[in-house]
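K.L.:
You'll find data_3.csv just under this line, and it carries CSV, C-alpha atoms and all ligand atoms.
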```
chain,number,residue,atom,x,y,z
S,1,MET,CA,87.2,98.3,118.9
S,2,PHE,CA,87.9,101.9,119.8
S,3,ILE,CA,91.2,103.4,118.7
S,4,THR,CA,90.3,106.8,120.1
S,5,ASN,CA,87.0,108.1,121.6
S,6,ASP,CA,85.7,108.8,118.1
S,7,ILE,CA,87.6,106.4,115.9
S,8,LYS,CA,86.6,102.7,115.6
S,9,TYR,CA,88.2,99.7,113.9
S,10,ILE,CA,85.8,97.8,111.6
S,11,GLY,CA,88.3,95.6,109.7
S,12,VAL,CA,88.4,91.8,109.3
S,13,ASN,CA,90.9,89.0,109.7
S,14,ASP,CA,91.3,86.6,106.7
S,15,HIS,CA,92.5,83.1,107.7
S,16,ASN,CA,91.1,81.4,104.5
S,17,ILE,CA,93.4,83.1,102.0
S,18,ASP,CA,95.8,80.9,100.2
S,19,LEU,CA,98.1,83.5,98.6
S,20,PHE,CA,97.9,87.2,99.2
S,21,GLU,CA,97.9,89.1,95.9
S,22,GLY,CA,98.0,85.7,94.3
S,23,GLN,CA,101.6,85.1,95.2
S,24,TYR,CA,102.6,85.7,98.9
S,25,ILE,CA,102.2,82.9,101.4
S,26,VAL,CA,100.7,84.3,104.6
S,27,PRO,CA,101.0,81.7,107.4
S,28,ASN,CA,99.2,83.9,109.9
S,29,GLY,CA,96.5,85.2,107.4
S,30,MET,CA,95.9,88.7,106.5
S,31,ALA,CA,94.0,91.7,108.0
S,32,TYR,CA,92.0,94.2,105.9
S,33,ASN,CA,91.6,97.2,108.0
S,34,SER,CA,88.8,99.7,107.8
S,35,TYR,CA,87.9,102.6,110.2
S,36,VAL,CA,85.0,104.8,111.1
S,37,ILE,CA,85.2,108.3,112.5
S,38,LEU,CA,82.1,109.3,114.5
S,39,ASP,CA,81.7,113.0,114.8
S,40,ASP,CA,78.9,115.5,113.8
S,41,LYS,CA,79.5,113.9,110.4
S,42,VAL,CA,80.4,110.2,110.1
S,43,ALA,CA,83.3,109.1,107.8
S,44,VAL,CA,84.2,105.5,106.8
S,45,LEU,CA,87.7,104.9,105.6
S,46,ASP,CA,88.1,102.1,103.0
S,47,SER,CA,86.4,98.7,102.7
S,48,VAL,CA,87.7,95.2,102.8
S,49,ASP,CA,88.3,92.1,100.6
S,50,ALA,CA,85.3,90.7,98.5
S,51,ASN,CA,85.1,87.6,100.7
S,52,PHE,CA,84.2,89.6,103.8
S,53,THR,CA,81.3,91.8,102.7
S,54,LYS,CA,78.9,90.5,105.4
S,55,GLU,CA,81.3,90.7,108.3
S,56,TRP,CA,82.5,94.2,107.3
S,57,MET,CA,79.0,95.5,106.9
S,58,SER,CA,78.0,94.0,110.2
S,59,ASN,CA,81.1,95.6,111.9
S,60,LEU,CA,80.1,98.9,110.3
S,61,LYS,CA,76.5,98.8,111.4
S,62,GLU,CA,77.6,98.0,115.0
S,63,ALA,CA,80.0,100.9,115.0
S,64,LEU,CA,77.4,103.2,113.5
S,65,ASN,CA,74.9,102.3,116.2
S,66,GLY,CA,72.0,103.6,114.2
S,67,ARG,CA,73.7,106.5,112.5
S,68,THR,CA,74.3,106.8,108.8
S,69,PRO,CA,77.7,107.6,107.2
S,70,ASP,CA,78.1,111.0,105.5
S,71,TYR,CA,81.5,110.3,103.8
S,72,PHE,CA,83.2,107.2,102.4
S,73,ILE,CA,86.9,107.9,102.0
S,74,VAL,CA,88.6,105.7,99.5
S,75,GLN,CA,92.3,105.9,100.0
S,76,HIS,CA,93.4,103.0,97.7
S,77,MET,CA,91.7,101.2,94.9
S,78,GLU,CA,93.4,97.8,95.1
S,79,PRO,CA,90.6,95.3,95.6
S,80,ASP,CA,91.8,94.1,99.0
S,81,HIS,CA,90.4,97.5,100.1
S,82,SER,CA,88.0,98.6,97.4
S,83,ALA,CA,86.1,95.4,96.6
S,84,ASN,CA,83.0,96.5,98.6
S,85,ILE,CA,82.6,100.0,97.3
S,86,ALA,CA,79.5,99.1,95.2
S,87,ASN,CA,78.0,97.2,98.1
S,88,PHE,CA,78.5,100.1,100.4
S,89,MET,CA,77.1,102.6,97.9
S,90,GLN,CA,74.1,100.5,97.4
S,91,GLU,CA,73.4,100.4,101.2
S,92,TYR,CA,74.2,104.1,101.8
S,93,ALA,CA,72.9,105.8,98.6
S,94,ASP,CA,73.3,109.3,100.0
S,95,VAL,CA,76.9,109.1,101.1
S,96,LYS,CA,79.5,111.4,99.5
S,97,ILE,CA,82.5,109.4,98.2
S,98,VAL,CA,85.9,111.1,98.7
S,99,ALA,CA,88.9,110.0,96.7
S,100,SER,CA,91.6,111.2,94.3
S,101,ALA,CA,90.9,111.9,90.7
S,102,LYS,CA,92.8,108.8,89.7
S,103,ALA,CA,90.9,106.7,92.2
S,104,PHE,CA,87.6,107.7,90.5
S,105,VAL,CA,89.0,106.6,87.1
S,106,MET,CA,89.8,103.2,88.6
S,107,MET,CA,86.4,103.1,90.3
S,108,LYS,CA,84.7,103.4,86.9
S,109,GLN,CA,87.0,100.7,85.6
S,110,PHE,CA,86.2,98.3,88.5
S,111,PHE,CA,82.5,99.1,89.0
S,112,GLY,CA,81.3,100.8,85.8
S,113,THR,CA,80.6,104.1,87.6
S,114,ASP,CA,82.5,106.8,89.4
S,115,TYR,CA,79.4,107.9,91.3
S,116,PRO,CA,79.2,111.4,89.5
S,117,GLU,CA,76.4,112.6,91.8
S,118,GLN,CA,78.2,111.8,95.0
S,119,LYS,CA,81.9,112.2,94.3
S,120,ILE,CA,84.2,114.6,96.0
S,121,VAL,CA,87.7,114.7,94.3
S,122,VAL,CA,90.5,115.6,96.7
S,123,GLY,CA,94.1,116.3,96.1
S,124,GLU,CA,97.2,117.4,98.1
S,125,GLY,CA,96.3,119.3,101.2
S,126,ASP,CA,92.6,119.3,100.7
S,127,LYS,CA,90.6,119.4,104.0
S,128,LEU,CA,87.4,117.9,105.2
S,129,SER,CA,85.7,118.8,108.5
S,130,LEU,CA,83.6,116.3,110.3
S,131,GLY,CA,82.9,118.7,113.1
S,132,LYS,CA,85.5,118.3,115.8
S,133,HIS,CA,87.7,116.2,113.5
S,134,LYS,CA,89.6,118.0,110.8
S,135,LEU,CA,90.9,115.7,108.1
S,136,THR,CA,93.7,116.7,105.6
S,137,PHE,CA,94.4,114.5,102.6
S,138,VAL,CA,97.9,113.9,101.5
S,139,THR,CA,98.7,112.3,98.2
S,140,ALA,CA,100.9,109.3,98.2
S,141,PRO,CA,101.3,108.2,94.6
S,142,MET,CA,102.9,104.8,94.1
S,143,VAL,CA,102.6,103.9,97.8
S,144,HIS,CA,101.5,101.5,96.4
S,145,TRP,CA,99.4,102.5,93.4
S,146,PRO,CA,99.2,105.9,91.7
S,147,GLU,CA,95.8,106.9,93.1
S,148,VAL,CA,96.7,106.5,96.8
S,149,ILE,CA,95.9,109.2,99.3
S,150,VAL,CA,96.6,109.1,103.1
S,151,THR,CA,94.5,111.0,105.6
S,152,TYR,CA,95.6,112.9,108.6
S,153,ASP,CA,93.2,113.7,111.5
S,154,SER,CA,94.7,116.7,113.3
S,155,THR,CA,92.3,116.4,116.2
S,156,ASP,CA,93.3,112.9,117.4
S,157,LYS,CA,96.7,113.2,115.6
S,158,VAL,CA,96.1,110.0,113.6
S,159,LEU,CA,97.6,109.2,110.2
S,160,PHE,CA,95.5,106.8,108.2
S,161,SER,CA,98.5,105.5,106.1
S,162,ALA,CA,96.9,103.2,103.5
S,163,ASP,CA,99.3,100.3,102.6
S,164,GLY,CA,102.2,102.2,104.3
S,165,PHE,CA,103.2,100.6,107.6
S,166,GLY,CA,101.2,97.5,106.7
S,167,LYS,CA,102.2,93.9,107.2
S,168,PHE,CA,101.2,90.3,106.5
S,169,GLY,CA,99.3,88.5,109.3
S,170,ALA,CA,95.8,88.7,110.8
S,171,LEU,CA,95.4,90.8,113.9
S,172,ASP,CA,94.3,87.9,116.1
S,173,VAL,CA,97.7,86.3,115.8
S,174,GLU,CA,100.6,87.6,118.0
S,175,GLU,CA,103.9,87.9,116.0
S,176,ASP,CA,106.9,90.2,115.6
S,177,TRP,CA,105.9,93.3,113.6
S,178,ALA,CA,109.2,93.9,111.7
S,179,CYS,CA,109.6,90.4,110.2
S,180,GLU,CA,106.3,90.4,108.4
S,181,ALA,CA,106.2,94.1,107.8
S,182,ARG,CA,109.6,93.9,106.1
S,183,ARG,CA,108.6,90.9,103.9
S,184,TYR,CA,105.4,92.8,103.0
S,185,TYR,CA,107.3,96.0,102.3
S,186,PHE,CA,110.0,94.5,100.0
S,187,GLY,CA,107.5,92.3,98.3
S,188,ILE,CA,104.8,94.8,97.6
S,189,VAL,CA,106.1,98.4,98.0
S,190,GLY,CA,109.9,97.7,97.7
S,191,LYS,CA,110.1,99.1,94.1
S,192,TYR,CA,108.7,102.4,95.2
S,193,GLY,CA,111.4,103.6,97.6
S,194,MET,CA,111.4,107.2,96.3
S,195,PRO,CA,107.6,107.7,96.6
S,196,VAL,CA,107.8,106.3,100.2
S,197,GLN,CA,110.6,108.8,101.0
S,198,THR,CA,108.4,111.6,99.7
S,199,LEU,CA,105.6,110.5,101.9
S,200,LEU,CA,107.9,110.2,104.9
S,201,LYS,CA,109.0,113.8,104.4
S,202,LYS,CA,105.4,114.9,104.3
S,203,ALA,CA,104.7,112.9,107.4
S,204,ALA,CA,107.6,114.4,109.2
S,205,ALA,CA,105.8,117.8,109.1
S,206,LEU,CA,102.8,116.3,111.0
S,207,ASP,CA,102.3,115.6,114.7
S,208,ILE,CA,101.5,111.9,114.5
S,209,GLN,CA,100.6,109.9,117.6
S,210,ILE,CA,98.8,107.0,116.0
S,211,ILE,CA,99.2,105.2,112.6
S,212,CYS,CA,96.2,103.4,111.2
S,213,PRO,CA,97.4,101.3,108.2
S,214,LEU,CA,95.2,99.2,105.9
S,215,HIS,CA,97.0,96.0,107.0
S,216,GLY,CA,98.5,95.0,110.3
S,217,PRO,CA,98.1,96.5,113.8
S,218,VAL,CA,97.3,100.1,114.6
S,219,LEU,CA,100.6,101.6,115.8
S,220,LYS,CA,100.3,103.7,119.0
S,221,GLU,CA,103.7,103.5,120.7
S,222,ASN,CA,107.3,104.0,119.8
S,223,LEU,CA,106.4,105.4,116.4
S,224,GLY,CA,110.0,106.5,115.8
S,225,TYR,CA,110.9,102.8,115.5
S,226,TYR,CA,108.5,102.1,112.7
S,227,LEU,CA,109.3,105.4,110.9
S,228,GLY,CA,113.0,104.7,111.2
S,229,LEU,CA,112.7,101.2,109.6
S,230,TYR,CA,110.6,102.7,106.8
S,231,ASN,CA,113.2,105.3,106.2
S,232,THR,CA,116.0,102.7,106.1
S,233,TRP,CA,114.0,100.4,103.8
S,234,SER,CA,112.8,103.1,101.4
S,235,SER,CA,116.3,104.6,101.1
S,236,TYR,CA,117.6,101.1,100.1
S,237,GLN,CA,120.1,101.1,102.9
S,238,PRO,CA,121.0,97.8,104.7
S,239,GLU,CA,119.3,97.5,108.0
S,240,GLU,CA,122.0,95.2,109.5
S,241,GLU,CA,125.5,94.0,109.0
S,242,GLY,CA,125.4,90.4,107.8
S,243,VAL,CA,125.9,88.0,104.9
S,244,VAL,CA,123.0,86.3,103.1
S,245,ILE,CA,124.0,83.4,100.9
S,246,ALA,CA,121.2,82.7,98.4
S,247,TYR,CA,121.8,79.5,96.4
S,248,THR,CA,120.5,76.8,94.2
S,249,SER,CA,122.0,73.3,94.0
S,250,ILE,CA,121.0,70.5,91.8
S,251,TYR,CA,122.9,67.5,93.2
S,252,GLY,CA,124.3,69.0,96.4
S,253,ASN,CA,127.8,70.1,95.3
S,254,THR,CA,127.0,73.8,95.2
S,255,LYS,CA,125.3,73.4,98.5
S,256,LYS,CA,128.4,71.8,100.0
S,257,ALA,CA,130.4,74.9,98.9
S,258,VAL,CA,127.7,77.2,100.3
S,259,LEU,CA,127.8,75.5,103.7
S,260,ALA,CA,131.6,75.6,103.7
S,261,LEU,CA,131.4,79.3,103.1
S,262,ALA,CA,128.8,79.8,105.9
S,263,ASP,CA,131.0,77.8,108.3
S,264,ALA,CA,134.1,79.8,107.3
S,265,LEU,CA,132.2,83.1,107.8
S,266,LYS,CA,131.0,82.0,111.2
S,267,ALA,CA,134.4,80.9,112.2
S,268,LYS,CA,135.8,84.3,111.3
S,269,GLY,CA,133.2,86.0,113.5
S,270,CYS,CA,130.8,87.3,110.9
S,271,PRO,CA,128.0,88.9,112.9
S,272,LYS,CA,125.2,87.2,111.0
S,273,VAL,CA,125.0,84.6,108.3
S,274,VAL,CA,121.8,83.6,106.6
S,275,VAL,CA,121.5,80.7,104.1
S,276,ASN,CA,118.6,80.5,101.7
S,277,ASP,CA,117.9,77.6,99.3
S,278,LEU,CA,116.0,79.4,96.6
S,279,ALA,CA,114.3,76.3,95.4
S,280,ARG,CA,112.8,75.5,98.7
S,281,CYS,CA,112.5,78.6,100.8
S,282,ASP,CA,109.8,81.3,100.5
S,283,MET,CA,111.2,83.5,97.7
S,284,ALA,CA,109.7,86.6,99.4
S,285,GLU,CA,111.6,85.8,102.6
S,286,ALA,CA,114.8,85.4,100.6
S,287,VAL,CA,114.2,88.8,98.9
S,288,GLU,CA,113.5,90.3,102.3
S,289,ASP,CA,116.8,89.0,103.7
S,290,ALA,CA,118.7,90.3,100.7
S,291,PHE,CA,117.4,93.8,101.4
S,292,ARG,CA,117.8,93.5,105.2
S,293,TYR,CA,121.6,92.7,105.3
S,294,SER,CA,124.6,94.4,103.9
S,295,LYS,CA,126.2,91.6,101.9
S,296,LEU,CA,124.9,89.0,99.5
S,297,VAL,CA,126.5,85.9,98.0
S,298,LEU,CA,124.8,84.4,95.0
S,299,ALA,CA,125.7,80.7,94.4
S,300,THR,CA,124.3,78.8,91.4
S,301,THR,CA,125.0,76.5,88.5
S,302,THR,CA,125.2,77.1,84.8
S,303,TYR,CA,122.1,75.8,83.3
S,304,ASN,CA,120.9,75.7,79.7
S,305,GLY,CA,123.7,78.2,78.8
S,306,ASP,CA,122.2,80.5,81.5
S,307,ILE,CA,121.7,80.2,85.2
S,308,PHE,CA,119.4,78.0,87.3
S,309,PRO,CA,115.8,79.2,87.0
S,310,PHE,CA,115.2,80.0,90.8
S,311,MET,CA,118.3,82.1,90.8
S,312,LYS,CA,117.2,84.0,87.7
S,313,GLU,CA,113.8,84.7,89.3
S,314,PHE,CA,115.5,85.8,92.6
S,315,ILE,CA,117.9,88.3,90.9
S,316,ASN,CA,114.9,89.6,88.8
S,317,HIS,CA,113.0,90.2,92.1
S,318,LEU,CA,116.0,92.2,93.4
S,319,THR,CA,116.7,94.3,90.3
S,320,GLU,CA,113.1,95.2,89.7
S,321,ARG,CA,112.9,96.4,93.3
S,322,GLY,CA,116.0,98.7,93.0
S,323,TYR,CA,118.5,96.5,94.8
S,324,SER,CA,121.6,98.7,95.5
S,325,ASN,CA,124.1,99.9,98.1
S,326,ARG,CA,125.4,96.5,99.0
S,327,THR,CA,128.3,94.1,98.6
S,328,VAL,CA,127.8,91.2,96.2
S,329,ALA,CA,129.9,88.0,95.7
S,330,PHE,CA,129.5,85.1,93.2
S,331,MET,CA,129.9,81.4,93.5
S,332,GLU,CA,129.4,79.4,90.4
S,333,ASN,CA,129.3,75.7,89.5
S,334,GLY,CA,129.6,74.3,86.0
S,335,SER,CA,130.9,71.0,84.8
S,336,TRP,CA,132.1,72.0,81.3
S,337,ALA,CA,131.5,75.7,80.5
S,338,PRO,CA,130.8,77.6,83.7
S,339,MET,CA,129.2,81.0,82.9
S,340,ALA,CA,126.9,81.6,85.9
S,341,ALA,CA,129.0,84.3,87.4
S,342,LYS,CA,129.1,86.2,84.1
S,343,VAL,CA,125.3,85.9,83.7
S,344,MET,CA,124.7,87.1,87.3
S,345,GLY,CA,127.1,90.0,86.8
S,346,ARG,CA,125.3,91.0,83.7
S,347,MET,CA,121.9,90.8,85.4
S,348,LEU,CA,123.1,93.2,88.2
S,349,ALA,CA,125.0,95.5,85.9
S,350,GLU,CA,122.4,98.3,86.1
S,351,SER,CA,122.0,98.1,89.9
S,352,LYS,CA,123.4,101.2,91.6
S,353,ASN,CA,126.3,101.3,94.0
S,354,LEU,CA,127.0,97.6,94.3
S,355,THR,CA,130.5,96.6,95.4
S,356,PHE,CA,131.5,93.2,93.9
S,357,THR,CA,134.1,91.3,95.8
S,358,GLU,CA,137.5,90.7,94.4
S,359,ASN,CA,137.3,87.0,95.3
S,360,SER,CA,134.7,84.6,93.8
S,361,VAL,CA,134.4,80.8,93.8
S,362,LYS,CA,134.4,78.7,90.7
S,363,ILE,CA,133.5,75.1,91.2
S,364,MET,CA,134.1,72.6,88.4
S,365,SER,CA,131.5,69.9,89.4
S,366,ALA,CA,132.6,69.5,93.0
S,367,LEU,CA,134.7,71.3,95.5
S,368,ASN,CA,138.4,70.6,95.3
S,369,GLU,CA,141.5,72.1,96.9
S,370,GLU,CA,141.5,75.1,94.6
S,371,SER,CA,137.9,76.0,95.0
S,372,SER,CA,138.0,75.3,98.7
S,373,ALA,CA,140.8,77.8,98.9
S,374,GLN,CA,138.6,80.3,97.0
S,375,VAL,CA,135.8,79.7,99.6
S,376,GLU,CA,138.3,80.6,102.4
S,377,ALA,CA,139.5,83.7,100.5
S,378,LEU,CA,136.0,84.9,99.9
S,379,ALA,CA,135.0,84.4,103.5
S,380,ALA,CA,138.1,86.4,104.6
S,381,GLU,CA,137.2,89.2,102.2
S,382,LEU,CA,133.6,89.3,103.3
S,383,CYS,CA,134.6,89.4,107.0
S,384,ALA,CA,137.3,92.0,106.5
S,385,GLU,CA,135.2,94.7,105.0
D,401,LIG,FE1,96.6,96.5,100.5
D,401,LIG,FE2,98.0,97.8,97.7
D,401,LIG,O1,96.6,97.0,98.7
```
Can you dump the structure from the file as structure tokens?
Ligand code: FEO
P.N.:
Amino acid sequence: MFITNDIKYIGVNDHNIDLFEGQYIVPNGMAYNSYVILDDKVAVLDSVDANFTKEWMSNLKEALNGRTPDYFIVQHMEPDHSANIANFMQEYADVKIVASAKAFVMMKQFFGTDYPEQKIVVGEGDKLSLGKHKLTFVTAPMVHWPEVIVTYDSTDKVLFSADGFGKFGALDVEEDWACEARRYYFGIVGKYGMPVQTLLKKAAALDIQIICPLHGPVLKENLGYYLGLYNTWSSYQPEEEGVVIAYTSIYGNTKKAVLALADALKAKGCPKVVVNDLARCDMAEAVEDAFRYSKLVLATTTYNGDIFPFMKEFINHLTERGYSNRTVAFMENGSWAPMAAKVMGRMLAESKNLTFTENSVKIMSALNEESSAQVEALAAELCAE
């Protein structure tokens, strides 16, 4: 598949994967992208997952059409992209391998060698000419590992963006970009908002017409939309007005209160209400929703003198990804010594710029008149802001 006259796609689709990175469900599979630039010199960008050696090598050979690669550019050392470095180097023994200093350290860790005879170490702003195509390397540490570089081709105005602008989902399945890109971003890159902001500032200085990420489709149109979303996500700002209610419920009483709150919010005209049962939904989807919307209600029970495990896991996901700049409310349930609200407040104490609602809901076993009134008051406060 040609991306431009000289740039070819040689990646693969993975529909056999059970969990990406050992934890994320990927209903539509995963794509591991790889590219070739055919010029006076030939450059290959990144490899693919270990299970796709044959397919990738075959794609590569077809794209090369009898030619031999001169450069192998390694932008990221996570094994979904780097697994075939040794296989590639065995096949093309004379190729020069181009990567950051940190990437070569990792290469030695993964493969026992950093290819001392063939390595070209590149850093910020270093250039590589392939003939017509002039490549510039831009460091992108912590997007998503420290060794990451991205590559700008000023001839075709292409940014090879590594994990940036990637998404879950194979390329032979049609689906909305933002939904699975957002879940990917907050799951995998979400902690690294500042490094993403730094990369976006560097990207703003470049004339980019095509983005070639390591996952997900090549982006050719309406790039402002994708760059805008990345700016919103990486600056930890809500993308939309709306209330997410994330809850756990053991026997259904907390759930009843949650549904009552959702109804009350809808009745008051709240623009968007999303309800996630943390024990049953995809946790990564719930994390994505929390970052997507402006307000979050956490509803859970007191459990073993603490909070229910799924809620604890959920809040940990939020805090370790820098959850901030939003409104948070608590609903708690406890039959003899409710303390869930206190525990949740403590867990979020270090999070920046959170506004906690004045109203909260305390359920003693089951909803009653008093706690139902608290639900109404909380709905009014969440709608009024
Ligand atoms: Fe797609 Fe961070 O690897």
K.L.:
Collect all residues with atoms no farther than 7 Å from ligand LIG 401 (chain D), counting only C-alpha atoms and all ligand atoms, and output them as a count of residues only.
P.N.:
10
K.L.:
Write out as a list in words each polymer residue whose atoms come within 7 Å of S:Met30, counting all atoms listed in the file; drop sequence neighbours fewer than 4 positions from it.
P.N.:
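That gives Asn13, Asp14, His15, Val26, Phe168, Gly169 and Ala170 of chain S.
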K.L.:
Atom CA of S:Ala284 and atom CA of S:Asp18, how far apart in Å?
P.N.:
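According to the coordinates, atom CA of S:Asp18 and atom CA of S:Ala284 are separated by 15.0 Å.
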K.L.:
Which of these residues is nearest to S:Lys362, using only C-alpha atoms: S:Leu378, S:Ile245, S:Leu223, S:Val173?
P.N.:
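Checking each candidate against S:Lys362, we get S:Leu378 as the closest.
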K.L.:
Could you state the separation of atom CA of S:Glu358 and atom CA of S:Phe308 in Å, given to one decimal place?
P.N.:
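Between atom CA of S:Glu358 and atom CA of S:Phe308 the gap is 23.2 Å.
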K.L.:
Using all atoms listed in the file, which protein or nucleic acid residues come within 10 Å of stretch 271-277 of chain S? Drop anything in the same chain fewer than 4 positions from it, and give the result as a ChimeraX atom specification.
P.N.:
/S:240-249,255,258-259,261-263,265-266,281-283,285-287,289-290,293,295-299,310-311,383
K.L.:
How many Å lie between atom CA of S:Met107 and atom CA of S:Ile25, rounded to one decimal?
P.N.:
27.9 Å
K.L.:
What's the 8 Å shell around S:Leu38, counting only C-alpha atoms, without same-chain residues fewer than 6 positions away, as a ChimeraX atom specification?
P.N.:
/S:6-7,64
K.L.:
For S:Ala103, which residue out of S:Val36, S:Val148, S:Ala63, S:Val143 is the nearest one, using only C-alpha atoms?
P.N.:
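Smallest separation from S:Ala103 among the options: S:Val148.
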K.L.:
Is there a way to get, as a JSON list (two decimals) with C-alpha atoms, in the coordinates of the input, all residues within 9 Å of the point (80.6, 111.0, 109.8) in file coordinates, counting only C-alpha atoms?
P.N.:
```json
[["chain", "number", "residue", "atom", "x", "y", "z"],
["S", 36, "VAL", "CA", 85.00, 104.80, 111.10],
["S", 37, "ILE", "CA", 85.20, 108.30, 112.50],
["S", 38, "LEU", "CA", 82.10, 109.30, 114.50],
["S", 39, "ASP", "CA", 81.70, 113.00, 114.80],
["S", 40, "ASP", "CA", 78.90, 115.50, 113.80],
["S", 41, "LYS", "CA", 79.50, 113.90, 110.40],
["S", 42, "VAL", "CA", 80.40, 110.20, 110.10],
["S", 43, "ALA", "CA", 83.30, 109.10, 107.80],
["S", 44, "VAL", "CA", 84.20, 105.50, 106.80],
["S", 67, "ARG", "CA", 73.70, 106.50, 112.50],
["S", 68, "THR", "CA", 74.30, 106.80, 108.80],
["S", 69, "PRO", "CA", 77.70, 107.60, 107.20],
["S", 70, "ASP", "CA", 78.10, 111.00, 105.50],
["S", 71, "TYR", "CA", 81.50, 110.30, 103.80],
["S", 72, "PHE", "CA", 83.20, 107.20, 102.40],
["S", 130, "LEU", "CA", 83.60, 116.30, 110.30],
["S", 131, "GLY", "CA", 82.90, 118.70, 113.10]]
```
K.L.:
Pick out the residues sitting within 10 Å of S:Val105, and hand them over as a PyMOL selection string; count all atoms listed in the file, and ignore anything fewer than 6 positions along from it in its own chain.
P.N.:
chain S and resi 77+112-114+147
K.L.:
Could you check the closest approach to S:Val12 for each of S:Pro146, S:Pro217, S:Pro338, S:Gly164 and tell me which residue wins, using all atoms listed in the file?
P.N.:
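Smallest separation from S:Val12 among the options: S:Pro217.
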K.L.:
When you look at S:Lys201 with a cut-off of 12 Å (counting all atoms listed in the file), what residues show up, excluding the ones that are within fewer than 6 positions of it in the same chain? I need them as a list in words.
P.N.:
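Once the nearby chain positions are removed, what remains is Val138, Ala140, Met194, Pro195, Leu227, Tyr230, Asn231 and Ser234 of chain S.
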K.L.:
In terms of the shortest atom-to-atom distance over only C-alpha atoms, which of S:Ser371, S:Thr139, S:Gln237, S:Asn28 is closest to S:Ser161?
P.N.:
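Of all the options, S:Thr139 lies closest to S:Ser161.
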K.L.:
Nearest to S:Leu382 among S:Ser235, S:Thr53, S:Leu159, S:Thr327, with distances taken over all atoms listed in the file: which residue is it?
P.N.:
S:Thr327
